[in-house]
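J.: So I've got this file, structure-v5.pdb, and it contains PDB, C-alpha atoms, pLDDT in the B column:
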ATOM      1  CA  MET N 203      72.224 163.874 -21.254  1.00 69.00           C
ATOM      2  CA  ASN N 204      70.856 162.325 -18.103  1.00 79.00           C
ATOM      3  CA  ILE N 205      69.287 165.590 -17.055  1.00 86.00           C
ATOM      4  CA  GLU N 206      66.725 165.216 -19.866  1.00 89.00           C
ATOM      5  CA  LEU N 207      65.736 161.845 -18.446  1.00 89.00           C
ATOM      6  CA  VAL N 208      65.245 163.394 -15.022  1.00 90.00           C
ATOM      7  CA  PHE N 209      63.118 166.154 -16.524  1.00 92.00           C
ATOM      8  CA  GLN N 210      61.095 163.632 -18.549  1.00 91.00           C
ATOM      9  CA  ILE N 211      60.285 161.527 -15.515  1.00 91.00           C
ATOM     10  CA  ALA N 212      59.502 164.560 -13.375  1.00 91.00           C
ATOM     11  CA  SER N 213      57.173 166.094 -15.958  1.00 92.00           C
ATOM     12  CA  LEU N 214      55.434 162.754 -16.540  1.00 92.00           C
ATOM     13  CA  ALA N 215      54.963 162.316 -12.802  1.00 92.00           C
ATOM     14  CA  ILE N 216      53.556 165.831 -12.355  1.00 91.00           C
ATOM     15  CA  ILE N 217      51.126 165.378 -15.255  1.00 93.00           C
ATOM     16  CA  VAL N 218      50.002 162.019 -13.894  1.00 92.00           C
ATOM     17  CA  SER N 219      49.473 163.374 -10.399  1.00 91.00           C
ATOM     18  CA  VAL N 220      47.416 166.271 -11.784  1.00 92.00           C
ATOM     19  CA  PHE N 221      45.285 163.879 -13.818  1.00 93.00           C
ATOM     20  CA  HIS N 222      45.010 161.613 -10.794  1.00 92.00           C
ATOM     21  CA  THR N 223      43.481 164.332  -8.635  1.00 92.00           C
ATOM     22  CA  LEU N 224      41.391 165.502 -11.609  1.00 93.00           C
ATOM     23  CA  LEU N 225      39.918 162.043 -12.139  1.00 92.00           C
ATOM     24  CA  LYS N 226      39.414 161.626  -8.393  1.00 91.00           C
ATOM     25  CA  GLN N 227      37.397 164.837  -8.264  1.00 92.00           C
ATOM     26  CA  ALA N 228      35.367 163.681 -11.267  1.00 91.00           C
ATOM     27  CA  GLY N 229      34.455 160.553  -9.320  1.00 90.00           C
ATOM     28  CA  LYS N 230      36.377 158.151 -11.600  1.00 87.00           C
ATOM     29  CA  GLU N 231      38.556 156.676  -8.841  1.00 89.00           C
ATOM     30  CA  GLU N 232      39.486 153.469 -10.686  1.00 90.00           C
ATOM     31  CA  PHE N 233      40.623 155.323 -13.825  1.00 91.00           C
ATOM     32  CA  ALA N 234      42.847 157.474 -11.629  1.00 91.00           C
ATOM     33  CA  TRP N 235      44.524 154.425 -10.157  1.00 91.00           C
ATOM     34  CA  LEU N 236      44.794 152.815 -13.583  1.00 93.00           C
ATOM     35  CA  LEU N 237      46.539 155.924 -14.888  1.00 92.00           C
ATOM     36  CA  THR N 238      48.921 155.897 -11.928  1.00 91.00           C
ATOM     37  CA  LEU N 239      49.707 152.224 -12.488  1.00 93.00           C
ATOM     38  CA  VAL N 240      50.460 152.805 -16.170  1.00 94.00           C
ATOM     39  CA  SER N 241      52.719 155.727 -15.341  1.00 93.00           C
ATOM     40  CA  ILE N 242      54.620 153.651 -12.778  1.00 93.00           C
ATOM     41  CA  ALA N 243      55.163 150.931 -15.372  1.00 94.00           C
ATOM     42  CA  LEU N 244      56.370 153.441 -17.941  1.00 94.00           C
ATOM     43  CA  VAL N 245      58.782 155.186 -15.574  1.00 92.00           C
ATOM     44  CA  LEU N 246      59.989 151.793 -14.334  1.00 93.00           C
ATOM     45  CA  SER N 247      60.895 150.747 -17.879  1.00 94.00           C
ATOM     46  CA  MET N 248      62.977 153.931 -18.244  1.00 90.00           C
ATOM     47  CA  ALA N 249      64.551 153.450 -14.820  1.00 91.00           C
ATOM     48  CA  ILE N 250      65.408 149.815 -15.526  1.00 93.00           C
ATOM     49  CA  ARG N 251      67.263 150.779 -18.705  1.00 92.00           C
ATOM     50  CA  VAL N 252      69.244 153.385 -16.752  1.00 91.00           C
ATOM     51  CA  ILE N 253      70.006 150.930 -13.938  1.00 91.00           C
ATOM     52  CA  SER N 254      71.257 148.261 -16.341  1.00 93.00           C
ATOM     53  CA  ASP N 255      73.614 150.769 -17.970  1.00 91.00           C
ATOM     54  CA  PHE N 256      74.818 151.777 -14.501  1.00 90.00           C
ATOM     55  CA  PHE N 257      75.457 148.187 -13.436  1.00 90.00           C
ATOM     56  CA  ASP N 258      77.267 147.436 -16.700  1.00 91.00           C
ATOM     57  CA  ALA N 259      79.495 150.474 -16.182  1.00 89.00           C
ATOM     58  CA  VAL N 260      80.342 149.509 -12.616  1.00 89.00           C
ATOM     59  CA  ARG N 261      80.834 145.873 -13.576  1.00 88.00           C
ATOM     60  CA  SER N 262      83.235 146.696 -16.397  1.00 88.00           C
ATOM     61  CA  MET N 263      85.106 149.229 -14.310  1.00 86.00           C
ATOM     62  CA  PHE N 264      85.658 147.028 -11.246  1.00 86.00           C
ATOM     63  CA  HIS N 265      86.044 143.761 -13.216  1.00 83.00           C
ATOM     64  CA  LEU N 266      83.058 142.289 -11.374  1.00 79.00           C
ATOM     65  CA  TYR N 267      82.181 139.303 -13.533  1.00 73.00           C
TER      66      TYR N 267
ATOM     67  CA  MET C 219      83.672 173.456 -14.253  1.00 72.00           C
ATOM     68  CA  GLU C 220      82.496 169.876 -13.843  1.00 84.00           C
ATOM     69  CA  VAL C 221      81.626 170.193 -10.183  1.00 90.00           C
ATOM     70  CA  VAL C 222      79.282 173.104 -10.884  1.00 92.00           C
ATOM     71  CA  GLN C 223      77.354 170.953 -13.344  1.00 90.00           C
ATOM     72  CA  ILE C 224      77.081 168.132 -10.859  1.00 91.00           C
ATOM     73  CA  ALA C 225      75.938 170.424  -8.046  1.00 93.00           C
ATOM     74  CA  ALA C 226      73.345 172.046 -10.308  1.00 92.00           C
ATOM     75  CA  PHE C 227      72.153 168.603 -11.418  1.00 91.00           C
ATOM     76  CA  GLY C 228      71.789 167.528  -7.786  1.00 92.00           C
ATOM     77  CA  ILE C 229      69.918 170.639  -6.713  1.00 93.00           C
ATOM     78  CA  VAL C 230      67.499 170.526  -9.632  1.00 92.00           C
ATOM     79  CA  SER C 231      66.703 166.869  -9.103  1.00 91.00           C
ATOM     80  CA  VAL C 232      66.251 167.401  -5.357  1.00 93.00           C
ATOM     81  CA  VAL C 233      63.779 170.225  -5.988  1.00 92.00           C
ATOM     82  CA  LEU C 234      61.778 167.982  -8.335  1.00 90.00           C
ATOM     83  CA  LEU C 235      61.989 165.159  -5.805  1.00 91.00           C
ATOM     84  CA  VAL C 236      60.584 167.248  -2.971  1.00 91.00           C
ATOM     85  CA  LEU C 237      57.755 168.277  -5.244  1.00 88.00           C
ATOM     86  CA  LEU C 238      57.013 164.648  -6.085  1.00 89.00           C
ATOM     87  CA  ARG C 239      57.440 163.210  -2.586  1.00 88.00           C
ATOM     88  CA  GLN C 240      53.961 164.287  -1.429  1.00 85.00           C
ATOM     89  CA  GLN C 241      51.878 163.337  -4.477  1.00 83.00           C
ATOM     90  CA  ARG C 242      53.570 160.293  -5.980  1.00 85.00           C
ATOM     91  CA  PRO C 243      56.164 158.758  -3.607  1.00 88.00           C
ATOM     92  CA  GLU C 244      56.601 155.706  -5.843  1.00 88.00           C
ATOM     93  CA  LEU C 245      57.658 157.839  -8.827  1.00 90.00           C
ATOM     94  CA  ALA C 246      59.859 159.930  -6.531  1.00 90.00           C
ATOM     95  CA  ILE C 247      61.944 156.847  -5.699  1.00 90.00           C
ATOM     96  CA  GLN C 248      62.537 156.118  -9.366  1.00 91.00           C
ATOM     97  CA  LEU C 249      63.397 159.757  -9.999  1.00 91.00           C
ATOM     98  CA  ALA C 250      65.925 159.591  -7.120  1.00 91.00           C
ATOM     99  CA  LEU C 251      67.396 156.457  -8.699  1.00 91.00           C
ATOM    100  CA  VAL C 252      67.738 158.031 -12.126  1.00 92.00           C
ATOM    101  CA  ALA C 253      69.205 161.243 -10.696  1.00 92.00           C
ATOM    102  CA  GLY C 254      71.753 159.258  -8.652  1.00 91.00           C
ATOM    103  CA  VAL C 255      72.810 157.263 -11.687  1.00 91.00           C
ATOM    104  CA  GLY C 256      72.959 160.456 -13.754  1.00 90.00           C
ATOM    105  CA  ILE C 257      75.403 162.046 -11.342  1.00 90.00           C
ATOM    106  CA  PHE C 258      77.472 158.863 -11.213  1.00 90.00           C
ATOM    107  CA  ALA C 259      77.567 158.766 -15.025  1.00 88.00           C
ATOM    108  CA  MET C 260      79.231 162.182 -15.023  1.00 88.00           C
ATOM    109  CA  VAL C 261      82.033 160.872 -12.788  1.00 88.00           C
ATOM    110  CA  VAL C 262      82.604 157.562 -14.598  1.00 88.00           C
ATOM    111  CA  PRO C 263      85.356 158.663 -17.035  1.00 88.00           C
ATOM    112  CA  LYS C 264      87.362 160.232 -14.220  1.00 90.00           C
ATOM    113  CA  LEU C 265      86.912 157.174 -12.013  1.00 90.00           C
ATOM    114  CA  PHE C 266      88.079 154.965 -14.873  1.00 89.00           C
ATOM    115  CA  LEU C 267      91.341 156.938 -15.173  1.00 92.00           C
ATOM    116  CA  ILE C 268      91.939 156.734 -11.422  1.00 92.00           C
ATOM    117  CA  LEU C 269      91.443 152.974 -11.447  1.00 90.00           C
ATOM    118  CA  GLU C 270      93.833 152.588 -14.393  1.00 90.00           C
ATOM    119  CA  VAL C 271      96.539 154.513 -12.523  1.00 92.00           C
ATOM    120  CA  LEU C 272      95.921 152.534  -9.351  1.00 89.00           C
ATOM    121  CA  SER C 273      96.238 149.185 -11.101  1.00 87.00           C
ATOM    122  CA  ASP C 274      99.444 150.353 -12.832  1.00 90.00           C
ATOM    123  CA  LEU C 275     100.880 151.372  -9.449  1.00 91.00           C
ATOM    124  CA  ALA C 276      99.860 148.011  -7.999  1.00 88.00           C
ATOM    125  CA  ASP C 277     101.686 146.199 -10.810  1.00 88.00           C
ATOM    126  CA  GLN C 278     104.805 148.308 -10.313  1.00 91.00           C
ATOM    127  CA  ALA C 279     104.696 147.695  -6.561  1.00 88.00           C
ATOM    128  CA  GLY C 280     104.788 143.982  -7.280  1.00 84.00           C
ATOM    129  CA  ILE C 281     101.419 143.239  -5.730  1.00 81.00           C
ATOM    130  CA  ALA C 282     100.049 139.985  -7.105  1.00 81.00           C
ATOM    131  CA  PRO C 283      97.389 140.813  -9.720  1.00 82.00           C
ATOM    132  CA  ALA C 284      94.985 138.410  -7.988  1.00 82.00           C
ATOM    133  CA  TYR C 285      95.022 140.459  -4.797  1.00 83.00           C
ATOM    134  CA  ALA C 286      94.834 143.822  -6.569  1.00 85.00           C
ATOM    135  CA  ASN C 287      91.941 142.510  -8.637  1.00 86.00           C
ATOM    136  CA  SER C 288      89.983 141.295  -5.645  1.00 88.00           C
ATOM    137  CA  VAL C 289      90.577 144.588  -3.831  1.00 87.00           C
ATOM    138  CA  LEU C 290      89.084 146.340  -6.868  1.00 88.00           C
ATOM    139  CA  LYS C 291      86.150 143.918  -6.826  1.00 90.00           C
ATOM    140  CA  ILE C 292      85.575 144.546  -3.125  1.00 92.00           C
ATOM    141  CA  VAL C 293      85.416 148.299  -3.761  1.00 91.00           C
ATOM    142  CA  GLY C 294      82.919 147.737  -6.576  1.00 91.00           C
ATOM    143  CA  ILE C 295      80.717 145.452  -4.502  1.00 92.00           C
ATOM    144  CA  ALA C 296      80.806 147.868  -1.570  1.00 94.00           C
ATOM    145  CA  TYR C 297      79.763 150.715  -3.845  1.00 92.00           C
ATOM    146  CA  ILE C 298      76.842 148.830  -5.420  1.00 92.00           C
ATOM    147  CA  ALA C 299      75.603 147.483  -2.076  1.00 94.00           C
ATOM    148  CA  ASP C 300      75.793 150.966  -0.582  1.00 94.00           C
ATOM    149  CA  PHE C 301      73.973 152.424  -3.586  1.00 92.00           C
ATOM    150  CA  GLY C 302      71.145 149.872  -3.304  1.00 92.00           C
ATOM    151  CA  GLY C 303      70.943 150.278   0.457  1.00 94.00           C
ATOM    152  CA  GLN C 304      70.732 154.051   0.228  1.00 93.00           C
ATOM    153  CA  ILE C 305      67.958 153.909  -2.373  1.00 91.00           C
ATOM    154  CA  CYS C 306      65.969 151.584  -0.093  1.00 93.00           C
ATOM    155  CA  ARG C 307      66.633 153.852   2.894  1.00 93.00           C
ATOM    156  CA  ASP C 308      65.440 156.879   0.892  1.00 90.00           C
ATOM    157  CA  ALA C 309      62.183 155.085   0.292  1.00 89.00           C
ATOM    158  CA  GLY C 310      61.828 154.611   4.047  1.00 90.00           C
ATOM    159  CA  GLU C 311      62.503 150.865   4.016  1.00 92.00           C
ATOM    160  CA  ASN C 312      65.324 150.635   6.575  1.00 95.00           C
ATOM    161  CA  ALA C 313      64.858 146.896   7.068  1.00 96.00           C
ATOM    162  CA  ILE C 314      65.430 146.083   3.403  1.00 96.00           C
ATOM    163  CA  ALA C 315      68.323 148.552   3.241  1.00 96.00           C
ATOM    164  CA  SER C 316      70.154 146.771   6.057  1.00 96.00           C
ATOM    165  CA  ARG C 317      69.476 143.411   4.368  1.00 96.00           C
ATOM    166  CA  VAL C 318      71.045 144.659   1.132  1.00 96.00           C
ATOM    167  CA  GLU C 319      74.078 145.982   3.007  1.00 95.00           C
ATOM    168  CA  LEU C 320      74.383 142.729   4.972  1.00 96.00           C
ATOM    169  CA  ALA C 321      74.447 140.798   1.697  1.00 95.00           C
ATOM    170  CA  GLY C 322      77.125 143.149   0.402  1.00 95.00           C
ATOM    171  CA  LYS C 323      79.241 142.588   3.515  1.00 95.00           C
ATOM    172  CA  VAL C 324      78.895 138.814   3.221  1.00 96.00           C
ATOM    173  CA  ILE C 325      80.035 138.858  -0.410  1.00 94.00           C
ATOM    174  CA  ILE C 326      82.973 141.125   0.452  1.00 94.00           C
ATOM    175  CA  LEU C 327      83.991 138.817   3.304  1.00 94.00           C
ATOM    176  CA  LEU C 328      83.815 135.887   0.933  1.00 93.00           C
ATOM    177  CA  LEU C 329      86.167 137.677  -1.456  1.00 90.00           C
ATOM    178  CA  ALA C 330      88.522 138.691   1.330  1.00 91.00           C
ATOM    179  CA  LEU C 331      88.987 135.148   2.670  1.00 93.00           C
ATOM    180  CA  PRO C 332      91.750 134.064   0.218  1.00 87.00           C
ATOM    181  CA  ILE C 333      93.707 137.217   1.015  1.00 87.00           C
ATOM    182  CA  ILE C 334      93.411 136.619   4.749  1.00 90.00           C
ATOM    183  CA  ARG C 335      94.428 133.004   4.322  1.00 92.00           C
ATOM    184  CA  GLY C 336      97.389 134.051   2.177  1.00 88.00           C
ATOM    185  CA  ILE C 337      98.606 136.447   4.854  1.00 88.00           C
ATOM    186  CA  LEU C 338      98.191 133.892   7.620  1.00 93.00           C
ATOM    187  CA  ASP C 339     100.145 131.285   5.641  1.00 93.00           C
ATOM    188  CA  LEU C 340     102.857 133.869   5.060  1.00 90.00           C
ATOM    189  CA  ILE C 341     103.064 134.616   8.779  1.00 94.00           C
ATOM    190  CA  ASN C 342     103.163 130.914   9.641  1.00 94.00           C
ATOM    191  CA  SER C 343     105.985 130.331   7.207  1.00 94.00           C
ATOM    192  CA  LEU C 344     107.897 133.291   8.657  1.00 93.00           C
ATOM    193  CA  LEU C 345     107.469 132.137  12.269  1.00 91.00           C
ATOM    194  CA  ARG C 346     108.434 128.523  11.639  1.00 84.00           C
TER     195      ARG C 346
END
Could you spell out this file's structure in structure tokens?

T.:
Amino acid sequence: MNIELVFQIASLAIIVSVFHTLLKQAGKEEFAWLLTLVSIALVLSMAIRVISDFFDAVRSMFHLY
Amino acid sequence: MEVVQIAAFGIVSVVLLVLLRQQRPELAIQLALVAGVGIFAMVVPKLFLILEVLSDLADQAGIAPAYANSVLKIVGIAYIADFGGQICRDAGENAIASRVELAGKVIILLLALPIIRGILDLINSLLR
């Protein structure tokens, strides 16, 4: 179940890096950076959800309140 | 076998990570985070059983639940601090990693103080 998340993030990152170089070649430097920024925000939202589940699991397991 | 799944998961995510490290290092860190949590999620049910057995043994051995509980907390805090520190170290930020681990140590020491005090009081009462 978590392997899909890894694949999602990896594929998104590869696509974004390809588009980044593509836009850089086309001379649209700022769009490239904008695209990278948006992708970081998107992946961060996924990662934050995963981290909060992880911290909840550890907290409940070790009675860390 | 469970361990085969975990090893395969690790290898696949490492391959993707190496690929990402050159182009997009910032996304590589998040991928490392998600992969680490994914592997931990596979071990969680087993870890839960182990902790249940350990706390039962502690009760049978007559250890005060307060001490057993704080030992469990210390293990949890150590694990989280280590996890955060390692992620920072992966990203190349050794300074921040050592800060995170220092904070973890301070919190653990804070939790360990009552136990230490309890033992010292016990020793004093025995000697007197």

J.: Please identify all residues of chain N having at least one atom at most 8 Å from any atom of chain C, considering all atoms listed in the file, and return them as an NGL selection string.

T.: :N and (204-205 or 207-208 or 211-212 or 215-216 or 219 or 242 or 245-246 or 249 or 252-253 or 256 or 259-261 or 263-266)

J.: With 3 Å of padding per side, what axis-aligned box (centre and edge lengths, Å, one decimal) covers all the listed atoms of range 210-223 of chain N? Give it as AutoDock Vina command-line options.

T.:
--center_x 52.3 --center_y 163.9 --center_z -13.6 --size_x 23.6 --size_y 10.7 --size_z 15.9

J.: Can you list what the PyMOL selection byres ((chain C and resi 305) around 8) grabs from this structure, as an MDAnalysis selection string?

T.: chainID C and resid 247 250:251 301:304 306:309 315

J.: Running the PyMOL selection byres ((chain N and resi 222) around 12) on this model by hand, what would come out? Give it as a PyMOL selection string.

T.: (chain N and resi 214-221+223-241) or (chain C and resi 241-242)

J.: Can you give me, as a ChimeraX atom specification, the residues this file yields under the PyMOL selection byres ((chain C and resi 321) around 12)?

T.: /C:295-296,298-300,302-303,314-320,322-328

J.: Would you mind telling me which residue in C:Ile333, C:Ala225, C:Ser343, C:Ile268 lies nearest to Pro283 in chain C when using all atoms listed in the file?

T.: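 Comparing C:Ile333, C:Ala225, C:Ser343, C:Ile268 against Pro283 in chain C, the winner is C:Ile333.
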
J.: So what do you get for CA of Ile224 in chain C versus CA of Asn312 in chain C, distance-wise?

T.: 27.4 Å

J.: So what do you get for CA of Asp274 in chain C versus CA of Ser262 in chain N, distance-wise?

T.: 17.0 Å

J.: How far is it from CA of Ala284 in chain C to CA of Ile337 in chain C, in Å with one decimal?

T.: 13.5 Å
